[in-house]
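Q: See data-v7.json below, with JSON, C-alpha atoms.
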[["chain", "number", "residue", "atom", "x", "y", "z"],
["A", 1, "MET", "CA", 0.00, 0.00, 0.00],
["A", 2, "ILE", "CA", 2.84, 2.40, 0.83],
["A", 3, "ALA", "CA", 4.46, 1.41, -2.46],
["A", 4, "PHE", "CA", 1.29, 2.41, -4.27],
["A", 5, "TRP", "CA", 1.15, 5.86, -2.69],
["A", 6, "ILE", "CA", 4.80, 6.53, -3.57],
["A", 7, "VAL", "CA", 4.12, 5.43, -7.15],
["A", 8, "ALA", "CA", 1.02, 7.61, -7.35],
["A", 9, "LEU", "CA", 2.81, 10.67, -5.97],
["A", 10, "PHE", "CA", 5.72, 10.48, -8.40],
["A", 11, "ALA", "CA", 3.49, 9.61, -11.34],
["A", 12, "LEU", "CA", 1.34, 12.69, -10.75],
["A", 13, "VAL", "CA", 4.39, 14.91, -10.26],
["A", 14, "GLY", "CA", 5.85, 13.64, -13.54],
["A", 15, "ALA", "CA", 2.56, 14.18, -15.36],
["A", 16, "LEU", "CA", 2.28, 17.74, -14.06],
["A", 17, "VAL", "CA", 5.85, 18.46, -15.17],
["A", 18, "VAL", "CA", 4.96, 17.21, -18.66],
["A", 19, "VAL", "CA", 1.95, 19.50, -18.89],
["A", 20, "LEU", "CA", 3.26, 22.61, -17.16],
["A", 21, "HIS", "CA", 6.98, 22.95, -17.92],
["A", 22, "ARG", "CA", 8.02, 25.40, -20.60],
["A", 23, "ASN", "CA", 11.11, 23.51, -21.71],
["A", 24, "PRO", "CA", 10.17, 20.43, -23.77],
["A", 25, "VAL", "CA", 13.28, 18.59, -22.58],
["A", 26, "TYR", "CA", 11.99, 18.75, -19.00],
["A", 27, "SER", "CA", 8.58, 17.67, -20.27],
["A", 28, "ALA", "CA", 10.19, 14.58, -21.77],
["A", 29, "LEU", "CA", 12.04, 13.87, -18.52],
["A", 30, "GLY", "CA", 8.79, 14.22, -16.56],
["A", 31, "LEU", "CA", 7.28, 11.73, -18.99],
["A", 32, "VAL", "CA", 10.11, 9.29, -18.19],
["A", 33, "LEU", "CA", 9.36, 9.66, -14.46],
["A", 34, "THR", "CA", 5.68, 8.92, -14.97],
["A", 35, "LEU", "CA", 6.34, 5.99, -17.30],
["A", 36, "PHE", "CA", 8.69, 4.39, -14.77],
["A", 37, "GLN", "CA", 6.05, 4.74, -12.05],
["A", 38, "VAL", "CA", 3.52, 3.09, -14.35],
["A", 39, "ALA", "CA", 6.00, 0.24, -14.83],
["A", 40, "VAL", "CA", 6.28, -0.18, -11.05],
["A", 41, "LEU", "CA", 2.49, -0.16, -10.82],
["A", 42, "PHE", "CA", 2.31, -2.92, -13.45],
["A", 43, "ALA", "CA", 4.71, -4.96, -11.32],
["A", 44, "LEU", "CA", 2.49, -4.39, -8.28],
["A", 45, "LEU", "CA", -0.57, -5.50, -10.26],
["A", 46, "ASP", "CA", 0.79, -8.94, -11.25],
["A", 47, "ALA", "CA", 2.04, -7.89, -14.68],
["A", 48, "PRO", "CA", 5.83, -8.33, -14.51],
["A", 49, "LEU", "CA", 6.30, -8.82, -18.25],
["A", 50, "LEU", "CA", 4.37, -5.65, -19.01],
["A", 51, "ALA", "CA", 6.49, -3.78, -16.47],
["A", 52, "LEU", "CA", 9.63, -4.81, -18.35],
["A", 53, "LEU", "CA", 8.08, -3.97, -21.72],
["A", 54, "GLN", "CA", 6.99, -0.59, -20.37],
["A", 55, "VAL", "CA", 10.55, 0.29, -19.42],
["A", 56, "MET", "CA", 12.02, -0.99, -22.67],
["A", 57, "VAL", "CA", 9.46, 0.29, -25.15],
["A", 58, "TYR", "CA", 8.33, 3.53, -23.53],
["A", 59, "ALA", "CA", 11.32, 4.76, -21.57],
["A", 60, "GLY", "CA", 13.84, 3.08, -23.84],
["A", 61, "ALA", "CA", 12.43, 3.82, -27.25],
["A", 62, "ILE", "CA", 9.59, 6.31, -27.30],
["A", 63, "VAL", "CA", 11.01, 8.92, -24.94],
["A", 64, "VAL", "CA", 14.43, 8.64, -26.58],
["A", 65, "LEU", "CA", 12.70, 9.37, -29.88],
["A", 66, "PHE", "CA", 11.03, 12.42, -28.34],
["A", 67, "LEU", "CA", 14.35, 13.69, -26.93],
["A", 68, "PHE", "CA", 16.05, 13.02, -30.24],
["A", 69, "VAL", "CA", 13.53, 15.14, -32.12],
["A", 70, "ILE", "CA", 13.63, 17.92, -29.51],
["A", 71, "MET", "CA", 17.40, 18.14, -29.77],
["A", 72, "LEU", "CA", 17.38, 17.76, -33.56],
["A", 73, "LEU", "CA", 15.09, 20.76, -33.83],
["A", 74, "SER", "CA", 16.97, 22.53, -31.00],
["A", 75, "LEU", "CA", 13.71, 23.75, -29.57],
["A", 76, "GLU", "CA", 13.80, 26.67, -27.22],
["A", 77, "PRO", "CA", 11.57, 27.00, -24.17],
["A", 78, "GLU", "CA", 8.27, 28.47, -25.23],
["A", 79, "LYS", "CA", 7.70, 32.11, -24.52],
["A", 80, "ARG", "CA", 3.97, 31.72, -24.39],
["A", 81, "LEU", "CA", 3.29, 28.56, -22.48],
["A", 82, "ALA", "CA", -0.39, 28.18, -22.78],
["A", 83, "ALA", "CA", -3.47, 28.70, -24.80],
["A", 84, "PRO", "CA", -5.56, 31.81, -24.10],
["A", 85, "PHE", "CA", -7.53, 31.94, -20.89],
["A", 86, "PRO", "CA", -10.92, 30.63, -22.16],
["A", 87, "VAL", "CA", -9.20, 27.62, -23.67],
["A", 88, "ALA", "CA", -7.41, 26.94, -20.39],
["A", 89, "VAL", "CA", -10.73, 27.08, -18.53],
["A", 90, "ALA", "CA", -12.30, 24.77, -21.12],
["A", 91, "GLY", "CA", -9.39, 22.37, -20.66],
["A", 92, "LEU", "CA", -9.77, 22.41, -16.88],
["A", 93, "VAL", "CA", -13.51, 21.76, -17.16],
["A", 94, "LEU", "CA", -12.86, 18.91, -19.59],
["A", 95, "ALA", "CA", -10.22, 17.39, -17.32],
["A", 96, "ALA", "CA", -12.40, 17.70, -14.22],
["A", 97, "THR", "CA", -15.36, 16.12, -15.99],
["A", 98, "LEU", "CA", -13.27, 13.28, -17.35],
["A", 99, "GLY", "CA", -11.59, 12.64, -14.01],
["A", 100, "PHE", "CA", -14.88, 12.69, -12.12],
["A", 101, "GLY", "CA", -16.57, 10.37, -14.59],
["A", 102, "LEU", "CA", -13.69, 7.93, -14.58],
["A", 103, "VAL", "CA", -13.52, 7.85, -10.78],
["A", 104, "VAL", "CA", -17.26, 7.23, -10.54],
["A", 105, "SER", "CA", -17.19, 4.48, -13.16],
["A", 106, "GLY", "CA", -14.15, 2.93, -11.51],
["A", 107, "THR", "CA", -15.87, 2.60, -8.16],
["A", 108, "LEU", "CA", -19.03, 1.00, -9.50],
["A", 109, "PRO", "CA", -19.37, -2.61, -8.33],
["A", 110, "LEU", "CA", -18.02, -5.08, -10.85],
["A", 111, "ARG", "CA", -20.23, -7.69, -12.42],
["A", 112, "SER", "CA", -20.84, -10.82, -10.42],
["A", 113, "GLY", "CA", -19.02, -14.07, -11.02],
["A", 114, "VAL", "CA", -15.66, -12.52, -10.42],
["A", 115, "PRO", "CA", -13.13, -15.06, -9.21],
["A", 116, "SER", "CA", -12.11, -14.29, -5.68],
["A", 117, "ARG", "CA", -8.71, -15.91, -6.13],
["A", 118, "LEU", "CA", -6.42, -15.46, -9.08],
["A", 119, "PRO", "CA", -4.83, -18.53, -10.65],
["A", 120, "ALA", "CA", -1.27, -19.10, -9.51],
["A", 121, "ASP", "CA", 0.29, -18.28, -12.87],
["A", 122, "PHE", "CA", -1.77, -15.14, -13.45],
["A", 123, "GLY", "CA", 0.32, -12.51, -15.18],
["A", 124, "SER", "CA", 3.29, -14.77, -15.81],
["A", 125, "PRO", "CA", 5.02, -14.37, -19.17],
["A", 126, "GLU", "CA", 3.87, -17.89, -20.08],
["A", 127, "SER", "CA", 0.18, -17.16, -19.60],
["A", 128, "LEU", "CA", 0.46, -13.83, -21.39],
["A", 129, "ALA", "CA", 2.18, -15.50, -24.35],
["A", 130, "THR", "CA", -0.34, -18.34, -24.43],
["A", 131, "ASN", "CA", -3.19, -15.84, -24.55],
["A", 132, "LEU", "CA", -1.42, -13.69, -27.13],
["A", 133, "PHE", "CA", -0.60, -16.49, -29.56],
["A", 134, "THR", "CA", -3.84, -18.46, -29.27],
["A", 135, "LYS", "CA", -6.88, -16.31, -28.53],
["A", 136, "HIS", "CA", -5.44, -13.10, -29.96],
["A", 137, "GLN", "CA", -3.52, -14.45, -32.92],
["A", 138, "LEU", "CA", -5.20, -12.30, -35.57],
["A", 139, "PRO", "CA", -4.72, -8.94, -33.81],
["A", 140, "PHE", "CA", -1.11, -9.91, -33.22],
["A", 141, "GLU", "CA", -0.53, -10.45, -36.93],
["A", 142, "LEU", "CA", -2.36, -7.24, -37.78],
["A", 143, "THR", "CA", -0.07, -5.41, -35.36],
["A", 144, "SER", "CA", 2.95, -6.54, -37.32],
["A", 145, "VAL", "CA", 1.39, -5.14, -40.49],
["A", 146, "LEU", "CA", 0.71, -1.87, -38.64],
["A", 147, "LEU", "CA", 4.33, -1.63, -37.56],
["A", 148, "LEU", "CA", 5.49, -2.24, -41.12],
["A", 149, "VAL", "CA", 3.20, 0.53, -42.39],
["A", 150, "ALA", "CA", 4.50, 2.86, -39.68],
["A", 151, "VAL", "CA", 8.12, 2.16, -40.62],
["A", 152, "VAL", "CA", 7.44, 2.76, -44.31],
["A", 153, "GLY", "CA", 5.46, 5.90, -43.52],
["A", 154, "ALA", "CA", 8.16, 7.33, -41.30],
["A", 155, "VAL", "CA", 10.84, 6.68, -43.92],
["A", 156, "VAL", "CA", 8.76, 8.25, -46.69],
["A", 157, "LEU", "CA", 8.03, 11.34, -44.60],
["A", 158, "ALA", "CA", 11.65, 11.74, -43.59],
["A", 159, "ARG", "CA", 12.98, 11.37, -47.15],
["A", 160, "ARG", "CA", 10.70, 14.08, -48.50],
["A", 161, "ARG", "CA", 12.61, 16.72, -46.58],
["A", 162, "SER", "CA", 15.68, 16.57, -48.81],
["B", 1, "MET", "CA", 5.14, -9.50, -3.16],
["B", 2, "ASP", "CA", 2.02, -9.75, -1.07],
["B", 3, "LEU", "CA", -0.12, -7.05, -2.54],
["B", 4, "ALA", "CA", -3.33, -8.99, -2.84],
["B", 5, "GLY", "CA", -4.77, -6.29, -0.62],
["B", 6, "LEU", "CA", -4.42, -3.53, -3.22],
["B", 7, "PRO", "CA", -8.02, -2.87, -4.23],
["B", 8, "PRO", "CA", -8.63, -1.94, -7.88],
["B", 9, "GLU", "CA", -10.09, 1.43, -6.93],
["B", 10, "TYR", "CA", -6.65, 2.86, -6.15],
["B", 11, "PRO", "CA", -4.95, 2.20, -9.50],
["B", 12, "LEU", "CA", -8.19, 3.17, -11.25],
["B", 13, "GLY", "CA", -8.22, 6.49, -9.42],
["B", 14, "LEU", "CA", -4.59, 7.12, -10.36],
["B", 15, "ALA", "CA", -5.43, 6.25, -13.98],
["B", 16, "ALA", "CA", -8.33, 8.70, -13.92],
["B", 17, "ALA", "CA", -6.06, 11.46, -12.61],
["B", 18, "LEU", "CA", -3.37, 10.76, -15.21],
["B", 19, "PHE", "CA", -5.93, 10.67, -18.02],
["B", 20, "ALA", "CA", -7.44, 13.98, -16.88],
["B", 21, "ILE", "CA", -4.01, 15.64, -16.67],
["B", 22, "GLY", "CA", -3.17, 14.33, -20.14],
["B", 23, "ALA", "CA", -6.45, 15.57, -21.59],
["B", 24, "PHE", "CA", -5.91, 18.96, -19.99],
["B", 25, "GLY", "CA", -2.43, 19.12, -21.53],
["B", 26, "VAL", "CA", -3.74, 18.29, -25.00],
["B", 27, "VAL", "CA", -6.13, 21.25, -24.81],
["B", 28, "PHE", "CA", -3.84, 23.59, -22.87],
["B", 29, "ARG", "CA", -0.43, 23.34, -24.54],
["B", 30, "ARG", "CA", 0.48, 24.94, -27.85],
["B", 31, "SER", "CA", 3.60, 22.96, -28.65],
["B", 32, "VAL", "CA", 2.69, 19.98, -30.81],
["B", 33, "ILE", "CA", 5.46, 17.81, -29.38],
["B", 34, "VAL", "CA", 4.17, 18.29, -25.83],
["B", 35, "VAL", "CA", 0.67, 17.46, -27.06],
["B", 36, "LEU", "CA", 2.07, 14.15, -28.34],
["B", 37, "MET", "CA", 3.60, 13.52, -24.90],
["B", 38, "CYS", "CA", 0.23, 14.21, -23.29],
["B", 39, "ILE", "CA", -1.36, 11.65, -25.59],
["B", 40, "GLU", "CA", 1.24, 9.15, -24.33],
["B", 41, "LEU", "CA", 0.17, 10.01, -20.77],
["B", 42, "MET", "CA", -3.46, 9.28, -21.64],
["B", 43, "LEU", "CA", -2.54, 5.98, -23.29],
["B", 44, "ASN", "CA", -0.65, 4.98, -20.14],
["B", 45, "ALA", "CA", -3.66, 5.81, -17.99],
["B", 46, "VAL", "CA", -5.74, 3.52, -20.18],
["B", 47, "ASN", "CA", -3.10, 0.80, -19.82],
["B", 48, "ILE", "CA", -3.28, 1.03, -16.03],
["B", 49, "THR", "CA", -7.04, 0.62, -16.28],
["B", 50, "PHE", "CA", -6.68, -2.46, -18.49],
["B", 51, "VAL", "CA", -4.25, -4.10, -16.08],
["B", 52, "ALA", "CA", -6.28, -3.24, -12.97],
["B", 53, "PHE", "CA", -9.55, -4.56, -14.40],
["B", 54, "GLY", "CA", -7.87, -7.62, -15.90],
["B", 55, "ARG", "CA", -6.48, -8.48, -12.49],
["B", 56, "GLU", "CA", -9.81, -7.90, -10.80],
["B", 57, "LEU", "CA", -11.68, -10.07, -13.29],
["B", 58, "GLY", "CA", -8.97, -12.73, -13.45],
["B", 59, "ASP", "CA", -8.74, -12.29, -17.21],
["B", 60, "MET", "CA", -5.43, -12.14, -19.07],
["B", 61, "ALA", "CA", -7.07, -10.29, -21.98],
["B", 62, "GLY", "CA", -6.44, -7.01, -20.17],
["B", 63, "GLN", "CA", -2.69, -7.52, -20.26],
["B", 64, "VAL", "CA", -2.80, -8.66, -23.88],
["B", 65, "MET", "CA", -4.60, -5.41, -24.71],
["B", 66, "VAL", "CA", -1.85, -3.40, -23.04],
["B", 67, "PHE", "CA", 0.63, -5.20, -25.28],
["B", 68, "PHE", "CA", -1.30, -4.04, -28.35],
["B", 69, "VAL", "CA", -1.70, -0.50, -27.04],
["B", 70, "MET", "CA", 2.07, -0.27, -26.53],
["B", 71, "THR", "CA", 2.69, -1.40, -30.11],
["B", 72, "VAL", "CA", 0.21, 1.07, -31.53],
["B", 73, "ALA", "CA", 1.68, 3.85, -29.39],
["B", 74, "ALA", "CA", 5.16, 3.12, -30.73],
["B", 75, "ALA", "CA", 3.88, 3.25, -34.32],
["B", 76, "GLU", "CA", 1.95, 6.43, -33.58],
["B", 77, "VAL", "CA", 4.99, 8.19, -32.13],
["B", 78, "ALA", "CA", 7.20, 7.17, -35.05],
["B", 79, "VAL", "CA", 4.79, 8.53, -37.66],
["B", 80, "GLY", "CA", 3.74, 11.51, -35.53],
["B", 81, "LEU", "CA", 7.29, 12.69, -34.99],
["B", 82, "ALA", "CA", 8.09, 12.22, -38.70],
["B", 83, "ILE", "CA", 5.10, 14.40, -39.59],
["B", 84, "LEU", "CA", 6.25, 16.91, -36.98],
["B", 85, "LEU", "CA", 9.72, 17.10, -38.54],
["B", 86, "VAL", "CA", 8.24, 17.81, -41.97],
["B", 87, "ALA", "CA", 5.88, 20.43, -40.51],
["B", 88, "PHE", "CA", 8.73, 22.11, -38.65],
["B", 89, "SER", "CA", 10.89, 22.29, -41.75],
["B", 90, "ARG", "CA", 8.07, 24.12, -43.54],
["B", 91, "ARG", "CA", 6.81, 26.47, -40.84],
["B", 92, "LYS", "CA", 9.88, 26.84, -38.57],
["B", 93, "THR", "CA", 7.64, 26.50, -35.54],
["B", 94, "LEU", "CA", 5.89, 23.83, -33.51],
["B", 95, "ASP", "CA", 3.05, 26.05, -32.32],
["B", 96, "GLY", "CA", -0.14, 24.13, -33.05],
["B", 97, "ASP", "CA", -2.02, 27.37, -33.75],
["B", 98, "GLU", "CA", 0.24, 28.05, -36.73],
["B", 99, "PHE", "CA", -0.80, 24.85, -38.51],
["B", 100, "ALA", "CA", -4.12, 26.28, -39.61],
["B", 101, "SER", "CA", -3.87, 26.29, -43.41],
["B", 102, "LEU", "CA", -6.92, 24.06, -43.68],
["B", 103, "ARG", "CA", -9.11, 26.46, -41.73],
["B", 104, "GLY", "CA", -11.97, 27.56, -43.97]]
What do you get writing this file as structure tokens?

A:
Amino acid sequence: MIAFWIVALFALVGALVVVLHRNPVYSALGLVLTLFQVAVLFALLDAPLLALLQVMVYAGAIVVLFLFVIMLLSLEPEKRLAAPFPVAVAGLVLAATLGFGLVVSGTLPLRSGVPSRLPADFGSPESLATNLFTKHQLPFELTSVLLLVAVVGAVVLARRRS
Amino acid sequence: MDLAGLPPEYPLGLAAALFAIGAFGVVFRRSVIVVLMCIELMLNAVNITFVAFGRELGDMAGQVMVFFVMTVAAAEVAVGLAILLVAFSRRKTLDGDEFASLRG
């Protein structure tokens, strides 16, 4: 329980840094902080493989890509941080509504027939892989096509600059 | 790790907060690259929700979904940042308000 509160605190701090800091490099570093906390939370929630993947894919690949682009463009800290005032109010209202709705829906009682005990191998890499390659075979294959399209698209977009 | 006592409401509440912060950032920030980061925040909030509910329902499908979301997020960032590079080379700015050529 203490572990969860530490995770929650640092995750929220990181998220606020992402949203509120003028310098995009610090935003990216705040994103790393939050993503690591999410990885710890995955480990706490019986998802050790996902925790590892979170660190490798998000912190290791995605954020590095962000930092790479920021430094490639040599972005300067923004002079005007935010949208005009009405937009900021609209954003706050949207965020409050979303947060409230999600909290309410999260605390509704779950449907009956929920197993009170998890199977012993729940969340193990073996059970995740078995699910992935049997029940979810088609989405898995489609994902590989999606990645191929993304690679081709990124290369095409990058080549057009010359 | 004896954390069987962690009720799903706590991670779900954290996910709600992260999603709300991310949504606020998408509306609030001007810089397109920070908006992309905020979208990553929202995707992570959704992932927490998947894992928490999957654990509560004893269903591995939640974790499989997170796997797919991660893959799609990686593809999205690759293409999004490539688009951003092209846009920057044309407009010399990343301010989202400047990319308004399609406005009628």

Q: List as a list in words the residues having at least one atom at most 9 Å from position (-7.9, 14.5, -23.5) as given in the file, counting all atoms listed in the file.

A: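 Selection result: Gly91, Leu94, Ala95 and Leu98 of chain A; Phe19, Ala20, Ile21, Gly22, Ala23, Phe24, Gly25, Val26, Val27, Cys38, Ile39 and Met42 of chain B.
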
Q: Using atom CA of A:Ala8 and atom CA of A:Gln37 as the two end points, give the distance in Å to one decimal.

A: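 Result for atom CA of A:Ala8 versus atom CA of A:Gln37: 7.5 Å, one decimal.
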
Q: Kindly indicate which residue among A:Ala129, A:Ile6, A:Val13, A:Gly99 lies nearest to chain B, using only C-alpha atoms for the distances.

A: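 Comparing A:Ala129, A:Ile6, A:Val13, A:Gly99 against chain B, the winner is A:Gly99.
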
Q: Tell me, in Å to one decimal, how far atom CA of A:Val104 is from atom CA of A:Phe122.

A: 27.4 Å

Q: Work out how far atom CA of B:Asn44 is from atom CA of B:Ala74, in Å to one decimal.

A: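 These two atoms are separated by 12.2 Å.
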
Q: Looking at B:Met37, B:Val32, B:Val51, B:Ala45, which one is nearest to A:Asp46, with distances taken over only C-alpha atoms?

A: B:Val51
